[in-house]
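So this block is my_file_32.tsv, TSV, C-alpha atoms:
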chain	number	residue	atom	x	y	z
A	19	MET	CA	18.91	11.50	-7.20
A	20	THR	CA	20.85	8.30	-6.54
A	21	ARG	CA	19.27	4.86	-6.67
A	22	THR	CA	19.98	4.32	-2.97
A	23	ARG	CA	18.39	7.60	-1.92
A	24	ALA	CA	15.30	6.96	-4.05
A	25	THR	CA	14.97	3.50	-2.46
A	26	ALA	CA	15.17	5.05	1.02
A	27	ILE	CA	12.51	7.61	0.09
A	28	GLY	CA	10.28	4.81	-1.22
A	29	PHE	CA	10.64	2.95	2.08
A	30	VAL	CA	9.06	5.92	3.87
A	31	ALA	CA	5.80	4.75	2.27
A	32	VAL	CA	6.15	1.39	4.02
A	33	LEU	CA	6.61	3.18	7.35
A	34	LEU	CA	3.54	5.31	6.71
A	35	TRP	CA	1.43	2.32	5.64
A	36	SER	CA	2.34	0.65	8.94
A	37	LEU	CA	0.07	3.25	10.60
A	38	LEU	CA	-2.84	2.52	8.27
A	39	ALA	CA	-4.51	-0.02	10.57
A	40	LEU	CA	-4.07	2.11	13.71
A	41	PHE	CA	-5.60	5.24	12.15
A	42	THR	CA	-8.32	3.23	10.44
A	43	VAL	CA	-9.43	1.81	13.81
A	44	GLY	CA	-9.45	5.34	15.22
A	45	SER	CA	-11.56	6.67	12.33
A	46	ALA	CA	-14.54	4.38	13.09
A	47	PRO	CA	-17.47	4.42	12.41
A	48	THR	CA	-16.83	6.20	9.08
A	49	PRO	CA	-17.57	3.73	6.22
A	50	PRO	CA	-14.63	2.79	3.96
A	51	LEU	CA	-15.60	4.57	0.73
A	52	LEU	CA	-16.42	7.80	2.56
A	53	LEU	CA	-13.11	7.47	4.41
A	54	ASN	CA	-11.44	6.93	1.04
A	55	THR	CA	-13.08	10.08	-0.32
A	56	VAL	CA	-11.98	12.32	2.55
A	57	CYS	CA	-8.43	10.93	2.81
A	58	PHE	CA	-7.65	11.07	-0.90
A	59	SER	CA	-9.13	14.58	-1.04
A	60	ILE	CA	-6.65	15.66	1.65
A	61	GLY	CA	-3.71	13.90	0.00
A	62	GLY	CA	-4.60	15.19	-3.46
A	63	THR	CA	-5.16	18.78	-2.34
A	64	LEU	CA	-1.85	18.92	-0.50
A	65	GLY	CA	-0.15	17.45	-3.55
A	66	LEU	CA	-1.60	20.14	-5.80
A	67	ILE	CA	-0.53	22.87	-3.35
A	68	TRP	CA	3.01	21.43	-3.26
A	69	THR	CA	3.06	21.28	-7.07
A	70	TRP	CA	1.82	24.88	-7.33
A	71	THR	CA	4.43	26.23	-4.91
A	72	ASN	CA	7.14	24.53	-6.96
A	73	GLY	CA	5.78	25.91	-10.22
A	74	GLY	CA	4.96	22.47	-11.55
A	75	LEU	CA	1.29	22.88	-12.43
A	76	GLY	CA	2.23	23.32	-16.08
A	77	GLN	CA	3.79	19.86	-16.07
A	78	LEU	CA	0.43	18.32	-15.24
A	79	LEU	CA	-0.99	19.59	-18.52
A	80	SER	CA	1.64	17.65	-20.47
A	81	VAL	CA	0.77	14.31	-18.84
A	82	ARG	CA	-1.26	12.00	-21.09
A	83	TRP	CA	-4.83	11.24	-20.06
A	84	THR	CA	-4.01	7.52	-20.27
A	85	THR	CA	-1.43	8.01	-17.51
A	86	TYR	CA	-4.01	9.69	-15.30
A	87	LEU	CA	-6.41	6.85	-16.00
A	88	PHE	CA	-3.73	4.31	-15.13
A	89	GLY	CA	-2.92	5.98	-11.81
A	90	THR	CA	-6.56	6.43	-10.83
A	91	VAL	CA	-7.39	2.81	-11.59
A	92	GLY	CA	-4.38	1.72	-9.52
A	93	LEU	CA	-5.26	3.72	-6.41
A	94	PHE	CA	-9.02	3.37	-6.58
A	95	GLY	CA	-8.95	-0.25	-7.75
A	96	TYR	CA	-6.67	-1.40	-4.96
A	97	HIS	CA	-8.75	0.14	-2.18
A	98	ALA	CA	-12.14	-0.82	-3.64
A	99	LEU	CA	-11.02	-4.44	-4.06
A	100	TYR	CA	-9.41	-4.54	-0.61
A	101	PHE	CA	-12.46	-3.28	1.25
A	102	SER	CA	-14.78	-5.55	-0.75
A	103	ALA	CA	-12.61	-8.60	-0.13
A	104	LEU	CA	-12.64	-8.07	3.63
A	105	ARG	CA	-16.43	-7.83	3.55
A	106	MET	CA	-16.88	-11.08	1.63
A	107	ALA	CA	-14.24	-13.26	3.35
A	108	PRO	CA	-12.55	-13.58	6.78
A	109	ALA	CA	-10.16	-10.69	7.30
A	110	ALA	CA	-7.18	-12.92	8.13
A	111	GLU	CA	-7.30	-15.01	4.96
A	112	ALA	CA	-8.32	-12.15	2.67
A	113	GLY	CA	-5.62	-9.93	4.16
A	114	LEU	CA	-3.01	-12.64	3.69
A	115	ILE	CA	-3.89	-13.02	0.02
A	116	ALA	CA	-3.92	-9.24	-0.47
A	117	TYR	CA	-0.42	-9.06	1.05
A	118	LEU	CA	0.90	-11.13	-1.83
A	119	TRP	CA	1.63	-7.80	-3.55
A	120	PRO	CA	5.17	-7.36	-2.15
A	121	LEU	CA	6.10	-10.86	-3.33
A	122	LEU	CA	4.52	-10.18	-6.73
A	123	ILE	CA	6.45	-6.91	-7.03
A	124	VAL	CA	9.73	-8.75	-6.52
A	125	LEU	CA	8.77	-11.41	-9.06
A	126	PHE	CA	7.26	-9.04	-11.65
A	127	SER	CA	10.25	-6.68	-11.40
A	128	GLY	CA	12.37	-9.39	-13.00
A	129	LEU	CA	10.50	-8.67	-16.24
A	130	LEU	CA	11.69	-5.05	-16.32
A	131	PRO	CA	14.63	-4.03	-18.55
A	132	GLY	CA	17.89	-4.10	-16.62
A	133	GLU	CA	16.46	-6.08	-13.70
A	134	HIS	CA	17.26	-9.70	-12.91
A	135	LEU	CA	15.87	-12.09	-10.33
A	136	ARG	CA	18.37	-13.97	-8.19
A	137	ILE	CA	17.93	-16.85	-5.81
A	138	GLY	CA	18.40	-14.42	-2.93
A	139	HIS	CA	15.44	-12.34	-4.10
A	140	LEU	CA	13.20	-15.40	-4.24
A	141	CYS	CA	14.36	-16.75	-0.87
A	142	GLY	CA	14.02	-13.33	0.75
A	143	ALA	CA	10.55	-12.84	-0.68
A	144	CYS	CA	9.44	-16.28	0.53
A	145	LEU	CA	10.78	-15.66	4.04
A	146	GLY	CA	9.06	-12.30	4.13
A	147	PHE	CA	5.80	-13.82	2.97
A	148	ALA	CA	6.07	-16.45	5.70
A	149	GLY	CA	6.52	-13.68	8.27
A	150	ALA	CA	3.52	-11.78	6.91
A	151	ALA	CA	1.49	-15.01	7.10
A	152	VAL	CA	2.35	-15.43	10.80
A	153	ILE	CA	1.14	-11.91	11.55
A	154	ILE	CA	-2.00	-11.86	9.44
A	155	THR	CA	-3.34	-15.36	10.15
A	156	GLY	CA	-2.48	-15.47	13.85
A	157	SER	CA	-3.91	-18.20	16.07
A	158	GLY	CA	-7.58	-17.56	15.36
A	159	SER	CA	-7.54	-18.02	11.62
A	160	ALA	CA	-10.74	-19.40	10.14
A	161	GLY	CA	-10.68	-22.55	8.03
A	162	PHE	CA	-11.12	-22.57	4.28
A	163	GLN	CA	-14.73	-22.45	3.05
A	164	ALA	CA	-15.91	-22.46	-0.55
A	165	THR	CA	-18.39	-19.66	0.22
A	166	HIS	CA	-15.45	-17.36	0.78
A	167	LEU	CA	-13.97	-17.97	-2.69
A	168	PRO	CA	-15.39	-14.72	-4.19
A	169	GLY	CA	-13.73	-12.73	-1.42
A	170	TYR	CA	-10.44	-14.61	-1.90
A	171	GLY	CA	-10.64	-13.90	-5.62
A	172	LEU	CA	-11.09	-10.17	-4.99
A	173	ALA	CA	-8.15	-10.21	-2.56
A	174	LEU	CA	-5.98	-11.82	-5.22
A	175	LEU	CA	-7.07	-9.16	-7.72
A	176	CYS	CA	-6.18	-6.59	-5.07
A	177	ALA	CA	-2.62	-7.95	-4.82
A	178	LEU	CA	-2.29	-8.11	-8.60
A	179	THR	CA	-3.59	-4.55	-8.95
A	180	TRP	CA	-1.10	-2.93	-6.58
A	181	SER	CA	1.89	-5.02	-7.68
A	182	SER	CA	1.13	-4.35	-11.35
A	183	TYR	CA	0.61	-0.64	-10.65
A	184	SER	CA	3.93	-0.43	-8.80
A	185	VAL	CA	5.95	-2.30	-11.42
A	186	LEU	CA	4.34	-0.61	-14.42
A	187	SER	CA	4.93	2.78	-12.77
A	188	ARG	CA	8.62	2.10	-13.45
A	189	ARG	CA	7.83	2.37	-17.17
A	190	LEU	CA	6.41	5.86	-16.54
A	191	GLY	CA	9.71	7.19	-15.26
A	192	ASP	CA	9.34	10.41	-17.27
A	193	THR	CA	5.99	11.20	-15.62
A	194	PRO	CA	6.36	13.75	-12.78
A	195	THR	CA	5.55	12.56	-9.27
A	196	SER	CA	3.22	15.56	-8.99
A	197	SER	CA	0.80	13.66	-11.24
A	198	VAL	CA	0.00	11.50	-8.20
A	199	ALA	CA	-1.99	14.48	-6.88
A	200	VAL	CA	-4.35	14.15	-9.84
A	201	PHE	CA	-4.58	10.38	-9.23
A	202	CYS	CA	-5.66	11.12	-5.64
A	203	ILE	CA	-8.26	13.73	-6.60
A	204	ALA	CA	-9.75	11.42	-9.25
A	205	THR	CA	-9.77	8.53	-6.76
A	206	ALA	CA	-11.57	10.72	-4.23
A	207	ALA	CA	-14.19	11.65	-6.83
A	208	ALA	CA	-14.75	8.02	-7.85
A	209	SER	CA	-14.94	6.90	-4.21
A	210	GLY	CA	-17.38	9.69	-3.37
A	211	ALA	CA	-19.68	8.78	-6.26
A	212	LEU	CA	-19.67	5.10	-5.27
A	213	HIS	CA	-20.21	6.01	-1.61
A	214	LEU	CA	-23.43	7.84	-2.46
A	215	VAL	CA	-24.71	4.70	-4.15
A	216	VAL	CA	-23.78	1.92	-1.71
A	217	GLU	CA	-23.05	3.47	1.71
A	218	GLU	CA	-24.73	5.43	4.46
A	219	THR	CA	-22.97	8.69	5.30
A	220	ILE	CA	-21.55	8.46	8.83
A	221	TRP	CA	-18.96	11.06	9.89
A	222	PRO	CA	-16.41	10.62	12.72
A	223	ASP	CA	-18.13	11.13	16.08
A	224	SER	CA	-15.17	12.43	18.12
A	225	VAL	CA	-12.13	14.69	17.97
A	226	PHE	CA	-9.90	11.59	17.97
A	227	GLY	CA	-11.89	10.19	15.05
A	228	TRP	CA	-11.40	13.35	12.98
A	229	ALA	CA	-7.71	13.43	13.97
A	230	SER	CA	-7.34	9.85	12.71
A	231	VAL	CA	-9.01	10.73	9.40
A	232	VAL	CA	-6.73	13.74	8.89
A	233	ALA	CA	-3.68	11.67	9.84
A	234	LEU	CA	-4.67	9.07	7.25
A	235	GLY	CA	-5.02	11.74	4.56
A	236	LEU	CA	-1.66	13.27	5.42
A	237	GLY	CA	0.31	10.02	5.69
A	238	PRO	CA	-0.78	6.49	4.69
A	239	VAL	CA	-3.31	7.73	2.11
A	240	GLY	CA	-1.41	10.88	1.16
A	241	LEU	CA	2.35	11.37	1.36
A	242	ALA	CA	2.91	7.61	1.09
A	243	PHE	CA	1.87	7.53	-2.57
A	244	TYR	CA	4.24	10.34	-3.54
A	245	VAL	CA	7.32	8.83	-1.92
A	246	TRP	CA	6.35	5.37	-3.21
A	247	ASP	CA	6.17	6.81	-6.74
A	248	ILE	CA	9.74	8.10	-6.39
A	249	GLY	CA	10.94	4.78	-5.00
A	250	VAL	CA	9.47	2.50	-7.67
A	251	LYS	CA	10.55	4.79	-10.53
A	252	GLN	CA	14.10	5.64	-9.45
A	253	GLY	CA	15.01	3.21	-6.66
A	254	ASP	CA	15.67	-0.53	-6.33
A	255	ILE	CA	12.18	-1.94	-6.83
A	256	GLN	CA	13.21	-5.44	-5.75
A	257	ILE	CA	14.47	-4.26	-2.37
A	258	LEU	CA	11.35	-2.11	-1.98
A	259	GLY	CA	9.10	-5.07	-2.79
A	260	THR	CA	10.75	-7.29	-0.21
A	261	ALA	CA	11.07	-4.52	2.40
A	262	SER	CA	7.32	-3.97	2.07
A	263	TYR	CA	6.85	-7.08	4.21
A	264	ALA	CA	7.81	-4.81	7.11
A	265	ALA	CA	4.41	-3.09	6.77
A	266	PRO	CA	2.35	-5.84	8.49
A	267	LEU	CA	5.06	-6.23	11.15
A	268	LEU	CA	5.28	-2.50	11.94
A	269	SER	CA	1.50	-2.21	11.75
A	270	THR	CA	1.13	-4.91	14.39
A	271	LEU	CA	3.77	-3.25	16.59
A	272	ALA	CA	1.86	0.03	16.37
A	273	LEU	CA	-1.30	-1.75	17.49
A	274	VAL	CA	0.60	-3.38	20.37
A	275	VAL	CA	2.00	-0.03	21.55
A	276	ALA	CA	-1.49	1.47	21.35
A	277	GLY	CA	-2.88	-1.40	23.46
A	278	ILE	CA	-5.12	-2.71	20.68
A	279	ALA	CA	-3.16	-5.95	20.10
A	280	ALA	CA	-1.15	-8.18	22.46
A	281	LEU	CA	2.52	-9.07	22.04
A	282	SER	CA	3.08	-12.76	21.20
A	283	TRP	CA	5.68	-15.30	20.14
A	284	GLY	CA	4.15	-15.21	16.67
A	285	LEU	CA	5.10	-11.55	16.40
A	286	ALA	CA	8.69	-12.29	17.40
A	287	ILE	CA	8.95	-15.13	14.87
A	288	ALA	CA	7.52	-12.89	12.17
A	289	ALA	CA	10.08	-10.21	13.00
A	290	VAL	CA	12.93	-12.68	12.45
A	291	LEU	CA	11.47	-13.95	9.18
A	292	ILE	CA	10.77	-10.50	7.75
A	293	THR	CA	14.09	-8.98	8.81
A	294	GLY	CA	16.01	-12.01	7.54
A	295	GLY	CA	14.14	-12.00	4.24
A	296	ALA	CA	14.83	-8.31	3.66
A	297	ALA	CA	18.52	-8.80	4.49
A	298	ILE	CA	18.86	-11.72	2.06
A	299	ALA	CA	17.14	-9.79	-0.75
A	300	ALA	CA	19.25	-6.69	-0.08
A	301	ARG	CA	22.43	-8.77	-0.20
A	302	ALA	CA	21.33	-10.28	-3.51
A	303	SER	CA	20.86	-6.81	-5.01
A	304	MET	CA	24.21	-5.58	-3.66
A	305	ARG	CA	25.97	-8.39	-5.51
A	306	ARG	CA	25.25	-6.66	-8.83
Would you mind writing the file out in structure tokens?
Amino acid sequence: MTRTRATAIGFVAVLLWSLLALFTVGSAPTPPLLLNTVCFSIGGTLGLIWTWTNGGLGQLLSVRWTTYLFGTVGLFGYHALYFSALRMAPAAEAGLIAYLWPLLIVLFSGLLPGEHLRIGHLCGACLGFAGAAVIITGSGSAGFQATHLPGYGLALLCALTWSSYSVLSRRLGDTPTSSVAVFCIATAAASGALHLVVEETIWPDSVFGWASVVALGLGPVGLAFYVWDIGVKQGDIQILGTASYAAPLLSTLALVVAGIAALSWGLAIAAVLITGGAAIAARASMRR
């Protein structure tokens, strides 16, 4: 597989994650950890079926337990921290801090063997972050309050968790992508155990709600992790990190099309910033 093709496959994850907010709204009133349990169960089960049909189950036995622990901590840790952060702090600010992970991926990737940061990468990442800030904060952003610091801290840990997971996954290049199925199943088990302790069990109350849950398990909380694994291991991780800023933009567009959010000048400005940032970063990588 070429580097360009792997990068394109990895970007499919960004497209799928852009539907995360839309399907999450549709899955209400299911609590987050229960939603996590069901979605990762779907994604993990489909991954195991795909691995079995390709005769790759034997490969899973050769994967070190530390790798499985690493993957489970990455998937479960990110979602647990994200949901907790949005409960303890205003969603706009906590979401903005959590969306530092694409910028951190670009910066951390410079520490990998054979990778180098250029001015274009930094400028592109900053422009993309500015576009993400326009989308996430909007016009109704709450002011800073010290009581929200714990939530902000968890959001920062959330960004560090996913960016570290993505960059360190590059060092596990010899680990088969099918191992992600085990990560998902373990994440579902951990989420289910925690759900029983801290949440009330509330299932979707409509056909549309169940459809949203299944869609989440198939896409944003399923297939997305497999294609992202291919992208970060074999593709251009710096372009992927910067292109990930398209997720909040595309997510907002999906909400606008669905009639949940209104189109605004802020959205248009964000589109210019994110597209320009991705183009600058891509040009910097092409100059290798």
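Going from CA of Gly95 in chain A to CA of Ala112 in chain A covers 15.8 Å.
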TODO: One decimal, Å: what's the distance from CA of Ala276 in chain A over to CA of Phe226 in chain A, could you say?
DONE: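 One can read the CA of Ala276 in chain A to CA of Phe226 in chain A distance as 13.6 Å.
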TODO: Quick one: residues within 12 Å of (7.4, 3.4, -16.0) (file frame), counting only C-alpha atoms, please, as a ChimeraX atom specification.
DONE: /A:85,88-89,127,130-131,182-195,247-252,255
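For the atom pair formed by CA of Leu51 in chain A and CA of Ile203 in chain A, the distance is 13.8 Å, given to one decimal.
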Task: Non-local contacts of range 64-67 of chain A (8 Å; all atoms listed in the file; under 2 positions in same chain excluded) as a list of chain:residue names - done: A:Ile60, A:Gly61, A:Gly62, A:Thr69, A:Trp70, A:Thr71, A:Leu75, A:Ser196, A:Val198, A:Ala199, A:Val200
Task: Shortest interatomic distance to Gly235 in chain A - which of A:Thr293, A:Gln77, A:Ser45, A:Ser181, counting only C-alpha atoms - done: A:Ser45
Open item on the list: Calculated over all atoms listed in the file, which of the candidates A:Ala297, A:Ala229, A:Ala107, A:Leu140 has the smallest distance to Tyr170 in chain A?
Closed with: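 Nearest to Tyr170 in chain A: A:Ala107.
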Take the point (-14.9, -1.8, 0.1) as written in the file and pick out every residue within 12 Å of it, counting all atoms listed in the file; give the list as a tab-separated table (two decimals) with C-alpha atoms, in the frame of the given file.
chain	number	residue	atom	x	y	z
A	49	PRO	CA	-17.57	3.73	6.22
A	50	PRO	CA	-14.63	2.79	3.96
A	51	LEU	CA	-15.60	4.57	0.73
A	52	LEU	CA	-16.42	7.80	2.56
A	53	LEU	CA	-13.11	7.47	4.41
A	54	ASN	CA	-11.44	6.93	1.04
A	94	PHE	CA	-9.02	3.37	-6.58
A	95	GLY	CA	-8.95	-0.25	-7.75
A	96	TYR	CA	-6.67	-1.40	-4.96
A	97	HIS	CA	-8.75	0.14	-2.18
A	98	ALA	CA	-12.14	-0.82	-3.64
A	99	LEU	CA	-11.02	-4.44	-4.06
A	100	TYR	CA	-9.41	-4.54	-0.61
A	101	PHE	CA	-12.46	-3.28	1.25
A	102	SER	CA	-14.78	-5.55	-0.75
A	103	ALA	CA	-12.61	-8.60	-0.13
A	104	LEU	CA	-12.64	-8.07	3.63
A	105	ARG	CA	-16.43	-7.83	3.55
A	106	MET	CA	-16.88	-11.08	1.63
A	107	ALA	CA	-14.24	-13.26	3.35
A	169	GLY	CA	-13.73	-12.73	-1.42
A	172	LEU	CA	-11.09	-10.17	-4.99
A	173	ALA	CA	-8.15	-10.21	-2.56
A	176	CYS	CA	-6.18	-6.59	-5.07
A	209	SER	CA	-14.94	6.90	-4.21
A	212	LEU	CA	-19.67	5.10	-5.27
A	213	HIS	CA	-20.21	6.01	-1.61
A	216	VAL	CA	-23.78	1.92	-1.71
A	217	GLU	CA	-23.05	3.47	1.71
Task: Which residue of A:Asp254, A:Arg23, A:Leu145, A:Ala177 approaches Gly128 in chain A most closely, using only C-alpha atoms - done: A:Asp254
- [ ] Between A:Trp283, A:Phe201, A:Phe243, A:Tyr263, single out the one closest to Ser36 in chain A, counting all atoms listed in the file.
- [x]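 When distances to Ser36 in chain A are compared using all atoms listed in the file, the smallest one comes from A:Tyr263.
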- [ ] Tell me, as a ChimeraX atom specification, which residues lie within 8 Å of Ala272 in chain A, counting only C-alpha atoms; anything in the same chain fewer than 3 positions away does not count.
- [x] /A:36-37,40,268-269,275-276
